[in-house]
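Visitor: So that you have it, the file is work.tsv, and it contains TSV, C-alpha atoms:
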```tsv
chain	number	residue	atom	x	y	z
A	1283	MET	CA	-19.69	-240.31	104.82
A	1284	ALA	CA	-19.35	-244.02	105.54
A	1285	ASP	CA	-23.03	-244.58	106.23
A	1286	ALA	CA	-24.22	-242.53	103.28
A	1287	GLN	CA	-21.76	-244.27	100.99
A	1288	ARG	CA	-22.73	-247.73	102.22
A	1289	LEU	CA	-26.44	-247.03	101.85
A	1290	PHE	CA	-25.87	-245.49	98.44
A	1291	GLU	CA	-24.12	-248.67	97.29
A	1292	GLU	CA	-27.01	-250.71	98.68
A	1293	TYR	CA	-29.46	-248.50	96.82
A	1294	LYS	CA	-27.56	-248.87	93.56
A	1295	GLN	CA	-27.47	-252.62	94.04
A	1296	ALA	CA	-31.22	-252.78	94.64
A	1297	ALA	CA	-31.85	-250.56	91.63
A	1298	SER	CA	-29.73	-252.72	89.38
A	1299	GLU	CA	-31.69	-255.80	90.40
A	1300	ALA	CA	-35.27	-254.57	90.12
A	1301	GLY	CA	-35.30	-250.95	89.04
A	1302	PRO	CA	-35.10	-247.89	91.26
A	1303	PRO	CA	-36.79	-248.62	94.60
A	1304	ASP	CA	-38.40	-246.10	96.92
A	1305	PRO	CA	-35.39	-244.30	98.42
A	1306	VAL	CA	-37.13	-243.36	101.65
A	1307	PRO	CA	-36.32	-246.61	103.53
A	1308	PHE	CA	-32.64	-246.04	102.73
A	1309	VAL	CA	-32.61	-242.34	103.55
A	1310	SER	CA	-34.49	-242.83	106.80
A	1311	GLN	CA	-31.60	-244.91	108.18
A	1312	VAL	CA	-29.37	-241.84	108.51
A	1313	SER	CA	-29.71	-238.30	109.72
A	1314	GLY	CA	-28.02	-234.91	109.48
A	1315	THR	CA	-25.21	-234.51	106.98
A	1316	GLU	CA	-25.16	-238.22	106.18
A	1317	ARG	CA	-28.78	-238.01	105.20
A	1318	GLN	CA	-28.28	-234.97	103.00
A	1319	ALA	CA	-25.26	-236.61	101.35
A	1320	LEU	CA	-27.23	-239.78	100.66
A	1321	ILE	CA	-30.14	-237.82	99.18
A	1322	ALA	CA	-27.77	-235.94	96.88
A	1323	LEU	CA	-26.02	-239.13	95.76
A	1324	ILE	CA	-29.25	-240.99	95.04
A	1325	ASP	CA	-30.68	-237.94	93.27
A	1326	ALA	CA	-27.65	-237.67	90.99
A	1327	TYR	CA	-27.66	-241.41	90.36
A	1328	LEU	CA	-31.33	-241.41	89.37
A	1329	GLU	CA	-30.85	-238.44	87.09
A	1330	GLN	CA	-28.30	-240.41	85.11
A	1331	ALA	CA	-30.16	-243.71	85.11
A	1332	PRO	CA	-30.97	-245.01	81.64
A	1333	ARG	CA	-34.49	-245.82	80.55
A	1334	GLN	CA	-35.69	-249.04	82.10
A	1335	GLU	CA	-36.24	-251.93	79.77
A	1336	PHE	CA	-39.91	-252.41	79.06
A	1337	ASP	CA	-41.70	-255.13	80.99
A	1338	ALA	CA	-45.30	-255.46	79.87
A	1339	ALA	CA	-46.49	-257.25	83.01
A	1340	ALA	CA	-44.77	-254.82	85.36
A	1341	PHE	CA	-46.12	-251.92	83.35
A	1342	ARG	CA	-49.69	-253.15	83.70
A	1343	ASP	CA	-49.29	-253.26	87.48
A	1344	SER	CA	-47.55	-249.91	87.77
A	1345	LYS	CA	-48.90	-246.40	88.08
A	1346	ALA	CA	-47.19	-245.66	84.82
A	1347	ALA	CA	-50.04	-247.50	83.08
A	1348	PRO	CA	-52.90	-245.11	83.94
A	1349	LEU	CA	-50.62	-242.16	83.30
A	1350	ALA	CA	-49.65	-243.45	79.85
A	1351	GLU	CA	-53.28	-244.20	79.12
A	1352	SER	CA	-54.44	-240.71	80.08
A	1353	VAL	CA	-51.70	-239.14	77.97
A	1354	GLN	CA	-52.62	-241.38	75.04
A	1355	ARG	CA	-56.30	-240.45	75.33
A	1356	SER	CA	-55.33	-236.80	75.53
A	1357	LEU	CA	-53.27	-237.01	72.39
A	1358	ALA	CA	-56.37	-238.16	70.53
A	1359	GLY	CA	-58.49	-235.21	71.68
A	1360	ALA	CA	-58.77	-231.52	70.87
A	1361	GLY	CA	-57.51	-230.19	74.17
A	1362	GLY	CA	-53.93	-231.41	73.95
A	1363	LEU	CA	-52.74	-232.81	77.23
A	1364	TRP	CA	-55.32	-231.07	79.41
A	1365	PRO	CA	-57.23	-234.27	80.11
A	1366	ALA	CA	-54.06	-235.78	81.53
A	1367	LEU	CA	-52.88	-232.62	83.27
A	1368	LEU	CA	-55.89	-230.75	84.64
A	1369	PRO	CA	-57.32	-233.46	86.93
A	1370	ARG	CA	-53.84	-234.00	88.38
A	1371	LEU	CA	-53.36	-230.30	89.02
A	1372	ARG	CA	-56.76	-230.18	90.67
A	1373	ASN	CA	-55.88	-233.16	92.85
A	1374	GLN	CA	-52.52	-231.69	93.69
A	1375	ALA	CA	-54.10	-228.41	94.69
A	1376	ARG	CA	-56.56	-230.46	96.76
A	1377	ILE	CA	-59.53	-228.64	95.43
A	1378	ARG	CA	-62.86	-230.30	94.74
A	1379	ARG	CA	-64.08	-229.78	91.22
A	1380	ALA	CA	-67.11	-227.87	92.49
A	1381	ASP	CA	-64.92	-225.56	94.55
A	1382	LEU	CA	-62.56	-225.02	91.65
A	1383	VAL	CA	-65.45	-224.12	89.38
A	1384	ALA	CA	-66.87	-221.72	91.97
A	1385	GLU	CA	-63.51	-220.01	92.37
A	1386	LEU	CA	-62.92	-219.93	88.63
A	1387	ALA	CA	-66.33	-218.37	88.06
A	1388	ALA	CA	-65.61	-215.80	90.77
A	1389	ARG	CA	-62.24	-214.93	89.31
A	1390	LEU	CA	-63.86	-214.49	85.90
A	1391	GLY	CA	-66.55	-212.28	87.35
A	1392	ALA	CA	-69.17	-214.85	86.40
A	1393	GLN	CA	-70.44	-215.97	89.80
A	1394	GLY	CA	-73.96	-216.07	88.40
A	1395	GLN	CA	-72.94	-218.48	85.63
A	1396	ARG	CA	-71.18	-221.08	87.69
A	1397	GLU	CA	-72.94	-223.90	85.87
A	1398	LYS	CA	-71.81	-222.67	82.48
A	1399	VAL	CA	-68.25	-222.17	83.70
A	1400	GLY	CA	-68.44	-225.70	85.11
A	1401	ASP	CA	-69.55	-227.07	81.74
A	1402	TYR	CA	-66.67	-225.42	79.99
A	1403	TYR	CA	-64.17	-226.55	82.60
A	1404	HIS	CA	-65.51	-230.08	82.28
A	1405	GLN	CA	-64.92	-229.92	78.54
A	1406	MET	CA	-61.37	-228.74	79.18
A	1407	GLU	CA	-60.74	-231.73	81.42
A	1408	GLN	CA	-62.27	-234.01	78.81
A	1409	GLY	CA	-60.21	-232.61	75.94
A	1410	ARG	CA	-63.32	-231.43	74.12
A	1411	LEU	CA	-62.59	-227.73	74.10
A	1412	PRO	CA	-59.99	-226.46	71.63
A	1413	ALA	CA	-57.29	-224.76	73.65
A	1414	SER	CA	-56.86	-222.10	70.99
A	1415	GLY	CA	-60.22	-220.62	71.98
A	1416	VAL	CA	-59.58	-220.51	75.71
A	1417	SER	CA	-58.51	-217.01	76.67
A	1418	ASP	CA	-55.49	-216.00	78.70
A	1419	THR	CA	-57.93	-214.64	81.25
A	1420	VAL	CA	-59.28	-218.12	81.89
A	1421	LEU	CA	-55.82	-219.69	81.96
A	1422	ASP	CA	-54.53	-217.00	84.32
A	1423	ALA	CA	-57.44	-217.61	86.66
A	1424	LEU	CA	-57.16	-221.39	86.45
A	1425	GLY	CA	-53.40	-221.26	86.86
A	1426	ALA	CA	-53.73	-219.14	89.98
A	1427	ILE	CA	-56.11	-221.69	91.49
A	1428	VAL	CA	-54.09	-224.82	90.75
A	1429	GLY	CA	-50.64	-223.25	91.01
A	1430	TYR	CA	-49.54	-223.59	87.41
A	1431	GLY	CA	-48.32	-221.05	84.91
A	1432	ARG	CA	-50.58	-219.73	82.16
A	1433	ASP	CA	-48.00	-220.39	79.45
A	1434	ALA	CA	-47.40	-223.94	80.63
A	1435	LEU	CA	-51.16	-224.55	80.68
A	1436	ARG	CA	-51.52	-223.23	77.17
A	1437	LYS	CA	-48.56	-225.22	75.94
A	1438	ALA	CA	-50.04	-228.43	77.33
A	1439	GLY	CA	-53.42	-227.65	75.80
A	1440	GLU	CA	-52.25	-226.45	72.43
A	1441	LEU	CA	-50.45	-229.42	71.02
A	1442	PRO	CA	-50.63	-229.52	67.26
A	1443	ALA	CA	-53.91	-231.24	66.55
A	1444	ALA	CA	-53.89	-234.87	65.54
A	1445	GLY	CA	-53.60	-235.11	61.78
A	1446	ALA	CA	-51.86	-231.75	61.51
A	1447	PRO	CA	-49.41	-231.34	58.67
A	1448	SER	CA	-45.84	-231.96	59.67
A	1449	VAL	CA	-42.31	-232.08	58.42
A	1450	GLN	CA	-40.84	-235.54	58.49
A	1451	GLY	CA	-37.54	-236.66	59.97
A	1452	GLY	CA	-37.93	-235.28	63.46
A	1453	GLU	CA	-38.35	-231.74	62.21
A	1454	VAL	CA	-40.61	-229.19	63.80
A	1455	PHE	CA	-44.32	-229.76	63.32
A	1456	ALA	CA	-46.24	-226.92	61.76
A	1457	ARG	CA	-48.42	-225.14	64.27
A	1458	ILE	CA	-52.05	-224.86	63.40
A	1459	GLY	CA	-53.29	-221.38	62.80
A	1460	GLY	CA	-57.03	-221.98	62.87
A	1461	PRO	CA	-59.29	-224.02	65.06
A	1462	ALA	CA	-58.42	-227.67	65.52
A	1463	PRO	CA	-60.47	-230.11	63.47
A	1464	LEU	CA	-63.36	-231.55	65.40
A	1465	ASP	CA	-63.37	-235.13	66.48
A	1466	PRO	CA	-66.71	-236.94	66.97
A	1467	ASP	CA	-66.75	-236.46	70.74
A	1468	MET	CA	-66.00	-232.83	70.40
A	1469	ALA	CA	-68.55	-232.31	67.68
A	1470	PHE	CA	-71.16	-233.59	70.10
A	1471	SER	CA	-70.21	-231.17	72.83
A	1472	MET	CA	-69.97	-228.24	70.43
A	1473	ALA	CA	-73.44	-229.04	69.09
A	1474	GLU	CA	-74.78	-228.32	72.56
A	1475	MET	CA	-73.27	-224.87	72.59
A	1476	PRO	CA	-75.08	-221.69	71.59
A	1477	ASP	CA	-74.61	-220.11	68.17
A	1478	THR	CA	-71.93	-217.47	67.93
A	1479	GLU	CA	-74.40	-214.61	67.89
A	1480	GLU	CA	-75.86	-215.84	71.15
A	1481	TRP	CA	-72.50	-215.94	72.93
A	1482	ASP	CA	-72.11	-214.09	76.16
A	1483	GLU	CA	-68.90	-213.09	77.92
A	1484	VAL	CA	-68.34	-216.57	79.36
A	1485	ASP	CA	-68.65	-218.16	75.92
A	1486	ARG	CA	-66.15	-215.68	74.57
A	1487	LEU	CA	-63.71	-216.33	77.41
A	1488	PHE	CA	-63.73	-220.07	76.74
A	1489	ARG	CA	-64.24	-220.15	72.99
A	1490	GLY	CA	-62.44	-217.10	71.73
A	1491	ASP	CA	-64.02	-214.66	69.38
A	1492	GLY	CA	-65.49	-217.36	67.24
B	310	MET	CA	-44.34	-237.41	53.23
B	311	ALA	CA	-43.62	-241.05	54.11
B	312	ALA	CA	-46.60	-243.17	55.14
B	313	PHE	CA	-46.79	-244.05	58.79
B	314	GLU	CA	-45.92	-247.65	59.55
B	315	GLU	CA	-47.26	-249.15	62.77
B	316	LEU	CA	-44.61	-251.12	64.64
B	317	PRO	CA	-45.00	-253.89	67.22
B	318	GLU	CA	-43.67	-253.46	70.75
B	319	SER	CA	-40.71	-255.72	69.99
B	320	ARG	CA	-39.49	-253.27	67.36
B	321	LEU	CA	-40.29	-250.21	69.45
B	322	SER	CA	-38.49	-251.31	72.61
B	323	PRO	CA	-34.96	-250.99	71.21
B	324	LEU	CA	-35.62	-247.50	69.87
B	325	GLY	CA	-34.09	-244.51	71.60
B	326	ASP	CA	-36.22	-241.80	73.18
B	327	ASP	CA	-36.08	-239.43	70.23
B	328	ASP	CA	-37.07	-242.16	67.79
B	329	LEU	CA	-39.96	-243.20	70.02
B	330	ILE	CA	-41.19	-239.62	70.16
B	331	ALA	CA	-40.85	-239.22	66.40
B	332	TYR	CA	-42.82	-242.46	65.99
B	333	MET	CA	-45.60	-241.22	68.29
B	334	ARG	CA	-45.78	-237.93	66.47
B	335	GLY	CA	-46.04	-239.80	63.21
B	336	ALA	CA	-48.80	-241.99	64.61
B	337	ARG	CA	-50.72	-239.00	65.88
B	338	GLU	CA	-50.34	-237.21	62.59
B	339	ALA	CA	-51.71	-240.29	60.82
B	340	ARG	CA	-54.53	-240.46	63.40
B	341	ALA	CA	-53.31	-243.95	64.31
B	342	HIS	CA	-54.03	-243.28	67.97
B	343	ASP	CA	-53.81	-246.90	69.07
B	344	ALA	CA	-50.32	-247.11	67.62
B	345	ILE	CA	-49.20	-244.49	70.14
B	346	LYS	CA	-50.05	-246.76	73.07
B	347	PRO	CA	-47.08	-249.17	73.05
B	348	ALA	CA	-44.54	-246.43	72.35
B	349	LEU	CA	-45.94	-244.27	75.13
B	350	ALA	CA	-45.98	-247.25	77.48
B	351	ILE	CA	-42.31	-247.93	76.78
B	352	LEU	CA	-41.36	-244.30	77.34
B	353	VAL	CA	-43.44	-243.68	80.45
B	354	TYR	CA	-42.63	-247.03	82.07
B	355	GLY	CA	-38.96	-246.53	81.25
B	356	TYR	CA	-38.70	-243.41	83.38
B	357	TRP	CA	-41.57	-243.64	85.82
B	358	ASP	CA	-39.78	-245.40	88.70
B	359	THR	CA	-36.77	-243.14	88.36
B	360	LEU	CA	-38.83	-239.96	88.37
B	361	LEU	CA	-40.98	-241.14	91.22
B	362	ALA	CA	-37.95	-242.09	93.28
B	363	ARG	CA	-36.39	-238.68	92.68
B	364	ALA	CA	-39.59	-236.96	93.68
B	365	ARG	CA	-39.88	-239.17	96.77
B	366	LEU	CA	-36.50	-237.91	97.97
B	367	LYS	CA	-38.08	-234.52	98.54
B	368	LEU	CA	-41.84	-234.88	98.61
B	369	PRO	CA	-44.46	-236.91	100.44
B	370	PRO	CA	-45.94	-239.90	98.54
B	371	SER	CA	-49.03	-238.54	96.80
B	372	GLU	CA	-47.37	-235.24	95.95
B	373	ALA	CA	-44.41	-237.16	94.55
B	374	GLU	CA	-46.68	-239.10	92.20
B	375	ASP	CA	-48.51	-236.02	91.00
B	376	VAL	CA	-45.34	-234.03	90.48
B	377	ALA	CA	-43.65	-236.92	88.65
B	378	ALA	CA	-46.72	-237.40	86.45
B	379	GLU	CA	-46.87	-233.69	85.75
B	380	ALA	CA	-43.22	-233.75	84.68
B	381	VAL	CA	-43.95	-236.60	82.25
B	382	ILE	CA	-46.94	-234.76	80.80
B	383	SER	CA	-45.01	-231.49	80.44
B	384	ALA	CA	-42.04	-233.22	78.83
B	385	ILE	CA	-44.26	-235.02	76.34
B	386	ALA	CA	-46.09	-231.77	75.60
B	387	SER	CA	-42.75	-230.14	74.82
B	388	ALA	CA	-41.68	-233.09	72.69
B	389	PHE	CA	-44.91	-232.98	70.68
B	390	ASP	CA	-44.72	-229.23	70.42
B	391	GLY	CA	-41.85	-229.82	68.03
B	392	LYS	CA	-39.42	-227.52	69.76
B	393	SER	CA	-36.01	-228.99	70.33
B	394	VAL	CA	-35.65	-230.01	73.95
B	395	GLY	CA	-32.30	-231.76	73.54
B	396	GLU	CA	-31.99	-235.15	75.13
B	397	PHE	CA	-35.43	-236.23	76.33
B	398	ARG	CA	-34.16	-237.81	79.55
B	399	ALA	CA	-32.25	-234.69	80.58
B	400	TRP	CA	-35.27	-232.54	79.72
B	401	LEU	CA	-37.55	-234.78	81.75
B	402	HIS	CA	-35.31	-234.51	84.79
B	403	THR	CA	-34.93	-230.76	84.35
B	404	ILE	CA	-38.70	-230.38	84.34
B	405	LEU	CA	-39.01	-232.60	87.39
B	406	SER	CA	-36.42	-230.56	89.27
B	407	ARG	CA	-38.32	-227.37	88.40
B	408	ARG	CA	-41.64	-228.83	89.42
B	409	ILE	CA	-40.23	-230.01	92.74
B	410	ALA	CA	-38.71	-226.57	93.34
B	411	ASP	CA	-42.02	-224.90	92.38
B	412	TYR	CA	-43.91	-227.21	94.68
B	413	LEU	CA	-41.59	-226.54	97.61
B	414	GLU	CA	-41.74	-222.81	96.97
B	415	ALA	CA	-45.53	-222.82	96.75
B	416	ARG	CA	-45.70	-224.84	99.93
B	417	LYS	CA	-43.54	-222.31	101.73
B	418	ARG	CA	-45.77	-219.48	100.57
B	419	LYS	CA	-49.07	-221.17	101.21
B	420	PRO	CA	-49.12	-223.92	103.81
B	421	LYS	CA	-51.92	-226.27	102.92
B	422	VAL	CA	-54.66	-226.86	105.40
B	423	THR	CA	-55.95	-230.30	104.62
B	424	GLU	CA	-57.81	-232.96	106.41
B	425	LEU	CA	-56.47	-236.47	106.62
B	426	ALA	CA	-57.91	-238.85	104.09
B	427	SER	CA	-58.87	-241.29	106.84
B	428	GLU	CA	-61.28	-238.75	108.24
B	429	HIS	CA	-63.25	-239.03	105.06
B	430	ALA	CA	-63.01	-242.69	104.16
B	431	GLY	CA	-65.44	-243.46	101.36
B	432	GLU	CA	-66.04	-239.89	100.39
B	433	ASP	CA	-65.24	-238.83	96.87
B	434	GLU	CA	-62.91	-236.00	96.06
B	435	VAL	CA	-61.46	-235.63	99.52
B	436	TRP	CA	-57.71	-235.63	99.57
B	437	GLY	CA	-55.07	-235.85	102.20
B	438	ASP	CA	-51.92	-237.76	102.97
B	439	GLU	CA	-51.26	-239.56	106.13
B	440	PRO	CA	-47.89	-238.23	107.26
B	441	ALA	CA	-45.83	-241.26	106.32
B	442	THR	CA	-42.39	-239.83	105.70
B	443	PRO	CA	-40.50	-236.83	106.93
B	444	PHE	CA	-40.52	-233.91	104.56
B	445	GLU	CA	-37.25	-233.30	102.72
B	446	GLY	CA	-37.10	-229.68	101.75
B	447	GLU	CA	-33.53	-228.89	102.75
B	448	ALA	CA	-31.65	-231.31	100.53
B	449	LEU	CA	-30.83	-228.93	97.71
B	450	PHE	CA	-27.62	-227.72	99.33
B	451	ALA	CA	-26.08	-231.19	99.38
B	452	ARG	CA	-26.90	-231.63	95.70
B	453	GLU	CA	-25.19	-228.32	94.95
B	454	CYS	CA	-22.07	-229.60	96.75
B	455	LEU	CA	-22.16	-232.80	94.73
B	456	ASP	CA	-22.58	-230.93	91.45
B	457	ARG	CA	-19.75	-228.58	92.31
B	458	SER	CA	-17.43	-231.48	93.18
B	459	TYR	CA	-18.31	-232.98	89.80
B	460	ASP	CA	-17.89	-229.74	87.86
B	461	GLU	CA	-14.38	-229.31	89.23
B	462	LEU	CA	-13.24	-232.54	87.58
B	463	SER	CA	-11.66	-233.04	84.17
B	464	GLU	CA	-13.74	-234.64	81.44
B	465	LEU	CA	-12.02	-237.98	81.93
B	466	HIS	CA	-12.53	-237.98	85.67
B	467	ARG	CA	-16.20	-237.09	85.18
B	468	ARG	CA	-16.53	-240.18	83.04
B	469	VAL	CA	-15.09	-242.18	85.94
B	470	ILE	CA	-17.70	-240.74	88.27
B	471	ASP	CA	-20.47	-241.34	85.73
B	472	LEU	CA	-19.53	-244.97	85.28
B	473	HIS	CA	-18.43	-245.95	88.75
B	474	VAL	CA	-19.71	-243.63	91.48
B	475	LEU	CA	-23.02	-242.59	89.95
B	476	GLY	CA	-23.24	-245.48	87.54
B	477	PRO	CA	-23.61	-249.22	87.86
B	478	HIS	CA	-20.04	-250.29	87.08
B	479	ALA	CA	-17.47	-251.71	89.48
B	480	ALA	CA	-14.05	-250.06	89.42
B	481	THR	CA	-12.56	-252.83	87.27
B	482	ALA	CA	-15.34	-252.63	84.70
B	483	ALA	CA	-15.20	-248.84	84.63
B	484	ALA	CA	-11.43	-248.95	84.02
B	485	GLU	CA	-11.94	-251.40	81.16
B	486	LEU	CA	-14.65	-249.26	79.61
B	487	LEU	CA	-12.48	-246.16	79.78
B	488	GLY	CA	-9.34	-247.94	78.49
B	489	ASP	CA	-6.38	-245.74	77.62
B	490	GLY	CA	-4.30	-246.98	80.55
B	491	MET	CA	-6.97	-246.42	83.18
B	492	THR	CA	-6.62	-248.95	86.00
B	493	GLU	CA	-8.88	-250.11	88.79
B	494	ALA	CA	-6.62	-248.32	91.26
B	495	ASN	CA	-6.95	-245.08	89.26
B	496	VAL	CA	-10.74	-245.37	89.29
B	497	ASN	CA	-10.81	-245.95	93.03
B	498	GLN	CA	-8.49	-243.04	93.65
B	499	ILE	CA	-10.53	-240.65	91.50
B	500	ALA	CA	-13.74	-241.82	93.18
B	501	SER	CA	-12.21	-241.40	96.62
B	502	ARG	CA	-11.01	-237.86	95.90
B	503	PHE	CA	-14.42	-236.94	94.52
B	504	GLN	CA	-16.16	-238.22	97.62
B	505	LYS	CA	-13.71	-236.42	99.90
B	506	ARG	CA	-14.25	-233.16	98.05
B	507	PHE	CA	-18.00	-233.61	98.24
B	508	ARG	CA	-17.77	-234.20	101.96
B	509	GLN	CA	-15.49	-231.22	102.42
B	510	LEU	CA	-17.93	-228.89	100.68
B	511	LEU	CA	-20.81	-230.33	102.63
B	512	ASP	CA	-18.97	-229.85	105.94
B	513	GLU	CA	-17.88	-226.34	105.06
B	514	GLY	CA	-21.41	-225.35	104.21
B	515	ASP	CA	-20.04	-223.33	101.34
B	516	THR	CA	-21.06	-223.56	97.71
B	517	SER	CA	-19.79	-220.18	96.70
B	518	GLY	CA	-16.96	-219.62	94.28
```
Re-express the file's structure as structure tokens.
Guide:
Amino acid sequence: MADAQRLFEEYKQAASEAGPPDPVPFVSQVSGTERQALIALIDAYLEQAPRQEFDAAAFRDSKAAPLAESVQRSLAGAGGLWPALLPRLRNQARIRRADLVAELAARLGAQGQREKVGDYYHQMEQGRLPASGVSDTVLDALGAIVGYGRDALRKAGELPAAGAPSVQGGEVFARIGGPAPLDPDMAFSMAEMPDTEEWDEVDRLFRGDG
Amino acid sequence: MAAFEELPESRLSPLGDDDLIAYMRGAREARAHDAIKPALAILVYGYWDTLLARARLKLPPSEAEDVAAEAVISAIASAFDGKSVGEFRAWLHTILSRRIADYLEARKRKPKVTELASEHAGEDEVWGDEPATPFEGEALFARECLDRSYDELSELHRRVIDLHVLGPHAATAAAELLGDGMTEANVNQIASRFQKRFRQLLDEGDTSG
């Protein structure tokens, strides 16, 4: 394991100087068992690595910045972390938004209402649709398209709404029973929606039973 | 209920993960959304390179980024959900490991047919990775061997491995940190035995028992 051990020490050294580097250049120097050993050692090392000290300049230049920003924006909205998660899942599944909407509409039996399904999906990505109203049917269909579990999707979307009552001292936050309070952005999008009595099946699938 | 107090980055940086999360939850509860930004930046930046590097060990570049980002989002969702997830770092890595495993499994089931991004330069919403690195889908066995070698050790010897083999400390420093008669020679011997056992398991191709 001489090569793996040597490269592992080099990796640790590099990580201690400037944070964990891309391991691929190290791993690509060996093959076979040495390679597998090196991957395991680096993996275990990274798993134990403490949180890196914050560096504002490095953060601004890193891909952590847009991720943190999208999560922060999501936390301010009504759709939990969907705005941060859904576009990434769509990208990862390598599906164009239009294709995803078409497939989602088909899976919901609403091929003729693709535009409406698209509007609702857009609101999900924008954090403007309360997750509590989105049915399991929609989440099952969406999850099947992007390769993500329904429960995990719901969990990400159903964070306790901003401003929800909580217990202090790191205790569990109270879950919200009713609809999340509207924020200004969301109020705008909801104003464009039909009244409850005019709802069709698609409305009900994305907005619950009212 | 105590009023939320916004803190500057300099006071947030020294906080541990759990305190940062509690602070962000407090900020969100108080609708002080801008106050979340620095705490989230500290938390995400603090683990991003590590998560990305772990993902890169097994996945191609763009998949690694998406999977690492997804792990961050899921971990934060769990943290905000209020359910106890134990140590945030361990939870984050557990989620990442699951996501990588899910990704590899899904890939086995459904090979993706994608076009290379360069075939669509300038077009929106067309994805594809140039094949830059070899795919690492068979590395789990070696990690099992490493974990088994570690699990076989006593608590004290595990601390040696944590500090010296998988940690940043030289043998001398690790011995000093452990105290209680531990010497540099002891540390080196424990590390050497651990590495030999790891190699033995790897060579045997056996993780049973």
Visitor: Go through A:Ala1384, A:Ala1286, A:Leu1421, A:Ala1347 and flag the residue nearest Ala1319 (chain A), using only C-alpha atoms for the distances.
Guide: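 The closest residue to Ala1319 (chain A) is A:Ala1286.
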Visitor: Please list as a PyMOL selection string every residue within 7 Å of region 1375-1383 of chain A, counting only C-alpha atoms and excluding residues in the same chain fewer than 3 positions away.
Guide: (chain A and resi 1371-1372+1386-1387+1396+1399-1400+1428) or (chain B and resi 434+436)
Visitor: For the atom pair CA of Leu1487 (chain A) and CA of Trp1364 (chain A), what is the interatomic distance in Å to one decimal place?
Guide: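 Taking CA of Leu1487 (chain A) as the start and CA of Trp1364 (chain A) as the end point, the length is 17.1 Å.
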Visitor: Between CA of Ala336 (chain B) and CA of Tyr1402 (chain A), what is the spacing in Å?
Guide: 28.8 Å
Visitor: Between CA of Arg1389 (chain A) and CA of Ala1426 (chain A), measure the distance and give it in Å to one decimal.
Guide: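 Answer for the CA of Arg1389 (chain A) to CA of Ala1426 (chain A) separation: 9.5 Å.
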Visitor: From the options B:Ala373, B:Leu462, B:Ile351, B:Val474, which residue's atoms come nearest to Arg320 (chain B), counting only C-alpha atoms?
Guide: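 Going through B:Ala373, B:Leu462, B:Ile351, B:Val474 one by one, the smallest distance to Arg320 (chain B) is for B:Ile351.
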Visitor: Of the candidates B:Pro323, B:Asp343, B:Leu413, B:Pro370, which shows the shortest atom-to-atom distance to Gly355 (chain B), using all atoms listed in the file?
Guide: B:Pro323
Visitor: When distances are computed from all atoms listed in the file, which of B:Arg506, B:Arg337, B:Arg408, B:His473 shows the smallest separation from chain A?
Guide: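 Nearest to chain A: B:Arg337.
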Visitor: Can you pull out the residues contacting region 1433-1436 of chain A? Cut-off 10 Å, using all atoms listed in the file, and skip same-chain residues under 6 positions away; I want them as a list in words.
Guide: Gly1361, Gly1362, Leu1363, Trp1364, Leu1367, Leu1368, Ala1413, Ser1414, Val1416, Ser1417, Asp1418, Leu1421, Asp1422, Leu1424 and Gly1425 of chain A; Ser383, Ala386 and Ser387 of chain B
Visitor: Could you save the residues just selected, with C-alpha atoms, as a short mmCIF file (atom, residue, chain, number, x, y, z; two decimals), keeping the file's coordinate frame?
Guide:
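Result file result.cif:
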```cif
data_model
loop_
_atom_site.label_atom_id
_atom_site.label_comp_id
_atom_site.auth_asym_id
_atom_site.auth_seq_id
_atom_site.Cartn_x
_atom_site.Cartn_y
_atom_site.Cartn_z
CA GLY A 1361 -57.51 -230.19 74.17
CA GLY A 1362 -53.93 -231.41 73.95
CA LEU A 1363 -52.74 -232.81 77.23
CA TRP A 1364 -55.32 -231.07 79.41
CA LEU A 1367 -52.88 -232.62 83.27
CA LEU A 1368 -55.89 -230.75 84.64
CA ALA A 1413 -57.29 -224.76 73.65
CA SER A 1414 -56.86 -222.10 70.99
CA VAL A 1416 -59.58 -220.51 75.71
CA SER A 1417 -58.51 -217.01 76.67
CA ASP A 1418 -55.49 -216.00 78.70
CA LEU A 1421 -55.82 -219.69 81.96
CA ASP A 1422 -54.53 -217.00 84.32
CA LEU A 1424 -57.16 -221.39 86.45
CA GLY A 1425 -53.40 -221.26 86.86
CA SER B 383 -45.01 -231.49 80.44
CA ALA B 386 -46.09 -231.77 75.60
CA SER B 387 -42.75 -230.14 74.82
#
```
